[in-house]
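Colleague: Okay, so here is coords19.cif, and as you'll see once you scroll down, it has mmCIF, C-alpha atoms.
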data_work
loop_
_atom_site.group_PDB
_atom_site.id
_atom_site.type_symbol
_atom_site.label_atom_id
_atom_site.label_comp_id
_atom_site.auth_asym_id
_atom_site.auth_seq_id
_atom_site.Cartn_x
_atom_site.Cartn_y
_atom_site.Cartn_z
ATOM 1 C CA MET K 177 -50.251 40.948 36.936
ATOM 2 C CA ASN K 178 -48.766 40.448 40.404
ATOM 3 C CA THR K 179 -45.629 42.347 39.432
ATOM 4 C CA TYR K 180 -47.686 45.460 38.802
ATOM 5 C CA PHE K 181 -49.288 45.305 42.235
ATOM 6 C CA GLY K 182 -45.891 44.668 43.807
ATOM 7 C CA LEU K 183 -44.568 47.821 42.163
ATOM 8 C CA LEU K 184 -47.575 49.791 43.371
ATOM 9 C CA ALA K 185 -46.877 48.594 46.902
ATOM 10 C CA GLU K 186 -43.171 49.385 46.630
ATOM 11 C CA PHE K 187 -43.792 52.879 45.277
ATOM 12 C CA ASP K 188 -46.620 53.855 47.652
ATOM 13 C CA GLY K 189 -49.416 53.337 45.132
ATOM 14 C CA ARG K 190 -47.915 55.567 42.474
ATOM 15 C CA GLY K 191 -48.558 54.440 38.917
ATOM 16 C CA GLU K 192 -45.939 56.782 37.491
ATOM 17 C CA LEU K 193 -42.519 55.977 38.914
ATOM 18 C CA PRO K 194 -39.524 58.329 39.140
ATOM 19 C CA LEU K 195 -36.757 57.053 36.890
ATOM 20 C CA ASP K 196 -34.102 58.041 39.423
ATOM 21 C CA GLU K 197 -35.604 55.504 41.849
ATOM 22 C CA VAL K 198 -36.278 52.791 39.254
ATOM 23 C CA ALA K 199 -32.962 52.825 37.376
ATOM 24 C CA PRO K 200 -30.537 51.679 40.098
ATOM 25 C CA ARG K 201 -32.837 48.940 41.369
ATOM 26 C CA TYR K 202 -34.223 47.502 38.136
ATOM 27 C CA PHE K 203 -31.749 48.503 35.414
ATOM 28 C CA GLY K 204 -28.518 48.434 37.418
ATOM 29 C CA ILE K 205 -27.469 51.912 36.328
ATOM 30 C CA SER K 206 -27.157 55.220 38.123
ATOM 31 C CA ALA K 207 -29.890 57.833 38.031
ATOM 32 C CA ARG K 208 -27.573 60.113 36.062
ATOM 33 C CA THR K 209 -26.865 57.476 33.396
ATOM 34 C CA ALA K 210 -30.568 56.645 33.215
ATOM 35 C CA SER K 211 -31.453 60.296 32.719
ATOM 36 C CA ALA K 212 -29.010 60.576 29.816
ATOM 37 C CA ARG K 213 -30.380 57.399 28.230
ATOM 38 C CA ALA K 214 -33.972 58.531 28.786
ATOM 39 C CA GLY K 215 -33.402 61.554 26.574
ATOM 40 C CA ALA K 216 -32.434 59.197 23.748
ATOM 41 C CA GLN K 217 -35.169 56.658 24.624
ATOM 42 C CA ALA K 218 -32.375 54.110 25.121
ATOM 43 C CA LEU K 219 -33.831 52.296 28.115
ATOM 44 C CA PRO K 220 -35.770 49.020 28.070
ATOM 45 C CA VAL K 221 -39.038 50.854 28.845
ATOM 46 C CA PRO K 222 -40.498 54.141 27.592
ATOM 47 C CA THR K 223 -39.749 57.227 29.672
ATOM 48 C CA TYR K 224 -41.391 60.636 29.662
ATOM 49 C CA ARG K 225 -41.587 63.900 31.511
ATOM 50 C CA ALA K 226 -44.891 64.892 33.117
ATOM 51 C CA GLY K 227 -44.255 68.596 32.576
ATOM 52 C CA ASP K 228 -43.065 70.667 29.666
ATOM 53 C CA SER K 229 -39.911 71.760 31.463
ATOM 54 C CA GLN K 230 -36.515 70.170 30.917
ATOM 55 C CA LYS K 231 -36.287 70.191 34.706
ATOM 56 C CA SER K 232 -39.312 67.907 35.099
ATOM 57 C CA PRO K 233 -38.229 64.484 36.325
ATOM 58 C CA TRP K 234 -38.232 61.482 34.030
ATOM 59 C CA LEU K 235 -41.000 58.995 34.771
ATOM 60 C CA VAL K 236 -41.702 55.346 33.968
ATOM 61 C CA SER K 237 -45.164 53.792 33.897
ATOM 62 C CA ALA K 238 -45.629 51.032 36.487
ATOM 63 C CA VAL K 239 -47.511 49.060 33.811
ATOM 64 C CA ASP K 240 -44.568 49.257 31.391
ATOM 65 C CA LEU K 241 -42.027 48.348 34.064
ATOM 66 C CA ALA K 242 -44.131 45.406 35.255
ATOM 67 C CA LYS K 243 -44.432 44.082 31.697
ATOM 68 C CA TYR K 244 -40.666 44.426 31.216
ATOM 69 C CA LEU K 245 -39.971 42.555 34.463
ATOM 70 C CA ASP K 246 -42.496 39.834 33.637
ATOM 71 C CA ASP K 247 -40.952 39.383 30.182
ATOM 72 C CA ARG K 248 -37.466 39.082 31.706
ATOM 73 C CA LYS K 249 -38.778 36.523 34.198
ATOM 74 C CA ALA K 250 -40.347 34.468 31.384
ATOM 75 C CA GLU K 251 -37.068 34.544 29.429
ATOM 76 C CA ALA K 252 -35.143 33.363 32.489
ATOM 77 C CA HIS K 253 -37.666 30.602 33.108
ATOM 78 C CA GLU K 254 -37.381 29.369 29.506
ATOM 79 C CA MET K 255 -33.584 29.367 29.746
ATOM 80 C CA TRP K 256 -33.731 27.488 33.047
ATOM 81 C CA GLN K 257 -36.032 24.878 31.525
ATOM 82 C CA ARG K 258 -33.683 24.341 28.564
ATOM 83 C CA VAL K 259 -30.688 23.890 30.844
ATOM 84 C CA ASN K 260 -32.480 21.679 33.347
ATOM 85 C CA ALA K 261 -34.600 19.554 31.023
#
Could you take the file, read its structure, and then write that structure out as structure tokens?

Modeller:
Amino acid sequence: MNTYFGLLAEFDGRGELPLDEVAPRYFGISARTASARAGAQALPVPTYRAGDSQKSPWLVSAVDLAKYLDDRKAEAHEMWQRVNA
């Protein structure tokens, strides 16, 4: 799971990643759009709040994000193989 360790390195060893930092880089959407989608669980990975407050930031598990990225990479690799076979 090299992707997981890469994420840990990128996010200073944190296993729970702030959605506002993840969304622009990995989902190509603004933090504000991601926050709205998080409330409806309409993102490609589960999101949650660590606290009970509506003001608590949305978080993403590094494990879930790594799996999502690895799955996307595998899909791209399969597509590339079909095109270049």

Colleague: List as a list in words the residues having at least one atom at most 9 Å from position (-34.9, 50.2, 32.0) as given in the file, counting all atoms listed in the file.

Modeller: Leu195, Val198, Ala199, Tyr202, Phe203, Gly204, Ile205, Ala210, Ala214, Ala218, Leu219, Pro220, Val221, Pro222, Thr223, Val236, Leu241 and Tyr244 of chain K

Colleague: Pick out the closest residue to Tyr180 in chain K from this set: K:Leu235, K:Ala252, K:Val259, K:Leu193. Count all atoms listed in the file.

Modeller: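 Among the listed residues, the smallest separation from Tyr180 in chain K belongs to K:Leu193.
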
Colleague: Take CA of Ser211 in chain K and CA of Ser237 in chain K and report the distance between them in Å, one decimal.

Modeller: 15.2 Å

Colleague: Starting from the shown file, work through the PyMOL selection byres ((chain K and resi 182-188) around 10) and note down what comes out as a PDB file with C-alpha atoms, keeping the file's coordinate frame.

Modeller:
ATOM      1  CA  MET K 177     -50.251  40.948  36.936  1.00  0.00           C
ATOM      2  CA  ASN K 178     -48.766  40.448  40.404  1.00  0.00           C
ATOM      3  CA  THR K 179     -45.629  42.347  39.432  1.00  0.00           C
ATOM      4  CA  TYR K 180     -47.686  45.460  38.802  1.00  0.00           C
ATOM      5  CA  PHE K 181     -49.288  45.305  42.235  1.00  0.00           C
ATOM      6  CA  GLY K 189     -49.416  53.337  45.132  1.00  0.00           C
ATOM      7  CA  ARG K 190     -47.915  55.567  42.474  1.00  0.00           C
ATOM      8  CA  GLY K 191     -48.558  54.440  38.917  1.00  0.00           C
ATOM      9  CA  GLU K 192     -45.939  56.782  37.491  1.00  0.00           C
ATOM     10  CA  LEU K 193     -42.519  55.977  38.914  1.00  0.00           C
ATOM     11  CA  PRO K 194     -39.524  58.329  39.140  1.00  0.00           C
ATOM     12  CA  GLU K 197     -35.604  55.504  41.849  1.00  0.00           C
ATOM     13  CA  VAL K 198     -36.278  52.791  39.254  1.00  0.00           C
ATOM     14  CA  ALA K 238     -45.629  51.032  36.487  1.00  0.00           C
ATOM     15  CA  VAL K 239     -47.511  49.060  33.811  1.00  0.00           C
ATOM     16  CA  LEU K 241     -42.027  48.348  34.064  1.00  0.00           C
ATOM     17  CA  ALA K 242     -44.131  45.406  35.255  1.00  0.00           C
TER      18      ALA K 242
END

Colleague: Nearest to Arg208 in chain K among K:Lys243, K:Arg225, K:Asp196, K:His253, with distances taken over only C-alpha atoms: which residue is it?

Modeller: K:Asp196

Colleague: Quick one, how far is CA of Trp234 in chain K from CA of Gly215 in chain K?

Modeller: 8.9 Å

Colleague: Just to confirm, what's the straight-line distance from CA of Thr209 in chain K to CA of Met255 in chain K in Å (one decimal)?

Modeller: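 Distance between the two atoms: 29.1 Å.
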
Colleague: With N, CA and C atoms as the atom set, please write range 205-246 of chain K from the structure just given, as a short mmCIF file (atom, residue, chain, number, x, y, z; two decimals), in the first residue's frame.

Modeller:
data_model
loop_
_atom_site.label_atom_id
_atom_site.label_comp_id
_atom_site.auth_asym_id
_atom_site.auth_seq_id
_atom_site.Cartn_x
_atom_site.Cartn_y
_atom_site.Cartn_z
N ILE K 205 -12.17 19.61 -6.91
CA ILE K 205 -13.27 20.51 -6.55
C ILE K 205 -12.83 21.39 -5.39
N SER K 206 -13.52 22.49 -5.21
CA SER K 206 -13.17 23.41 -4.13
C SER K 206 -13.54 22.82 -2.78
N ALA K 207 -12.93 23.36 -1.74
CA ALA K 207 -13.24 22.92 -0.38
C ALA K 207 -14.72 23.17 -0.07
N ARG K 208 -15.24 24.27 -0.56
CA ARG K 208 -16.65 24.59 -0.28
C ARG K 208 -17.59 23.59 -0.95
N THR K 209 -17.32 23.25 -2.21
CA THR K 209 -18.14 22.25 -2.91
C THR K 209 -18.02 20.90 -2.22
N ALA K 210 -16.80 20.55 -1.82
CA ALA K 210 -16.58 19.27 -1.14
C ALA K 210 -17.36 19.20 0.17
N SER K 211 -17.37 20.29 0.90
CA SER K 211 -18.10 20.33 2.17
C SER K 211 -19.59 20.11 1.95
N ALA K 212 -20.14 20.73 0.92
CA ALA K 212 -21.56 20.54 0.61
C ALA K 212 -21.84 19.10 0.21
N ARG K 213 -20.96 18.52 -0.59
CA ARG K 213 -21.15 17.12 -1.01
C ARG K 213 -20.93 16.15 0.15
N ALA K 214 -20.05 16.50 1.07
CA ALA K 214 -19.78 15.63 2.22
C ALA K 214 -21.04 15.44 3.06
N GLY K 215 -21.80 16.50 3.23
CA GLY K 215 -23.03 16.41 4.00
C GLY K 215 -24.03 15.43 3.41
N ALA K 216 -23.97 15.24 2.10
CA ALA K 216 -24.86 14.30 1.41
C ALA K 216 -24.16 12.97 1.12
N GLN K 217 -22.93 12.82 1.61
CA GLN K 217 -22.11 11.63 1.32
C GLN K 217 -22.03 11.39 -0.19
N ALA K 218 -21.79 12.47 -0.93
CA ALA K 218 -21.74 12.41 -2.40
C ALA K 218 -20.32 12.59 -2.93
N LEU K 219 -19.36 12.09 -2.20
CA LEU K 219 -17.97 12.10 -2.64
C LEU K 219 -17.53 10.66 -2.87
N PRO K 220 -16.41 10.44 -3.56
CA PRO K 220 -16.01 9.07 -3.86
C PRO K 220 -15.44 8.30 -2.66
N VAL K 221 -15.29 8.95 -1.53
CA VAL K 221 -14.85 8.29 -0.30
C VAL K 221 -15.73 8.76 0.85
N PRO K 222 -15.85 7.94 1.90
CA PRO K 222 -16.65 8.37 3.06
C PRO K 222 -16.01 9.57 3.76
N THR K 223 -16.84 10.45 4.27
CA THR K 223 -16.38 11.60 5.04
C THR K 223 -17.11 11.61 6.37
N TYR K 224 -16.50 12.25 7.36
CA TYR K 224 -17.10 12.29 8.69
C TYR K 224 -16.54 13.48 9.45
N ARG K 225 -17.21 13.81 10.51
CA ARG K 225 -16.74 14.86 11.41
C ARG K 225 -16.24 14.18 12.69
N ALA K 226 -15.11 14.65 13.20
CA ALA K 226 -14.55 14.05 14.41
C ALA K 226 -15.35 14.46 15.64
N GLY K 227 -15.91 15.64 15.63
CA GLY K 227 -16.68 16.13 16.76
C GLY K 227 -18.17 16.09 16.49
N ASP K 228 -18.92 16.43 17.50
CA ASP K 228 -20.38 16.44 17.38
C ASP K 228 -20.91 17.75 16.80
N SER K 229 -20.06 18.75 16.72
CA SER K 229 -20.47 20.07 16.27
C SER K 229 -20.54 20.14 14.74
N GLN K 230 -21.48 20.92 14.26
CA GLN K 230 -21.58 21.19 12.82
C GLN K 230 -20.37 22.00 12.35
N LYS K 231 -19.65 22.59 13.28
CA LYS K 231 -18.48 23.38 12.93
C LYS K 231 -17.21 22.53 12.86
N SER K 232 -17.29 21.28 13.28
CA SER K 232 -16.13 20.39 13.19
C SER K 232 -15.81 20.17 11.71
N PRO K 233 -14.53 20.14 11.38
CA PRO K 233 -14.17 19.97 9.97
C PRO K 233 -14.46 18.56 9.47
N TRP K 234 -14.75 18.46 8.18
CA TRP K 234 -14.93 17.17 7.55
C TRP K 234 -13.57 16.50 7.40
N LEU K 235 -13.53 15.20 7.62
CA LEU K 235 -12.30 14.43 7.52
C LEU K 235 -12.48 13.26 6.56
N VAL K 236 -11.35 12.79 6.04
CA VAL K 236 -11.30 11.62 5.16
C VAL K 236 -10.21 10.70 5.72
N SER K 237 -10.47 9.43 5.78
CA SER K 237 -9.46 8.47 6.23
C SER K 237 -8.39 8.31 5.15
N ALA K 238 -7.12 8.32 5.55
CA ALA K 238 -6.03 8.11 4.60
C ALA K 238 -6.15 6.73 3.96
N VAL K 239 -6.64 5.75 4.71
CA VAL K 239 -6.81 4.39 4.17
C VAL K 239 -7.84 4.41 3.04
N ASP K 240 -8.97 5.08 3.27
CA ASP K 240 -10.03 5.15 2.25
C ASP K 240 -9.55 5.90 1.01
N LEU K 241 -8.85 7.01 1.22
CA LEU K 241 -8.37 7.79 0.08
C LEU K 241 -7.32 7.00 -0.71
N ALA K 242 -6.45 6.30 -0.02
CA ALA K 242 -5.43 5.49 -0.71
C ALA K 242 -6.09 4.40 -1.54
N LYS K 243 -7.10 3.74 -0.98
CA LYS K 243 -7.80 2.69 -1.74
C LYS K 243 -8.47 3.29 -2.97
N TYR K 244 -9.11 4.43 -2.83
CA TYR K 244 -9.74 5.11 -3.96
C TYR K 244 -8.72 5.42 -5.05
N LEU K 245 -7.57 5.98 -4.65
CA LEU K 245 -6.54 6.33 -5.62
C LEU K 245 -5.96 5.08 -6.29
N ASP K 246 -5.75 4.03 -5.52
CA ASP K 246 -5.23 2.79 -6.09
C ASP K 246 -6.23 2.17 -7.07
#
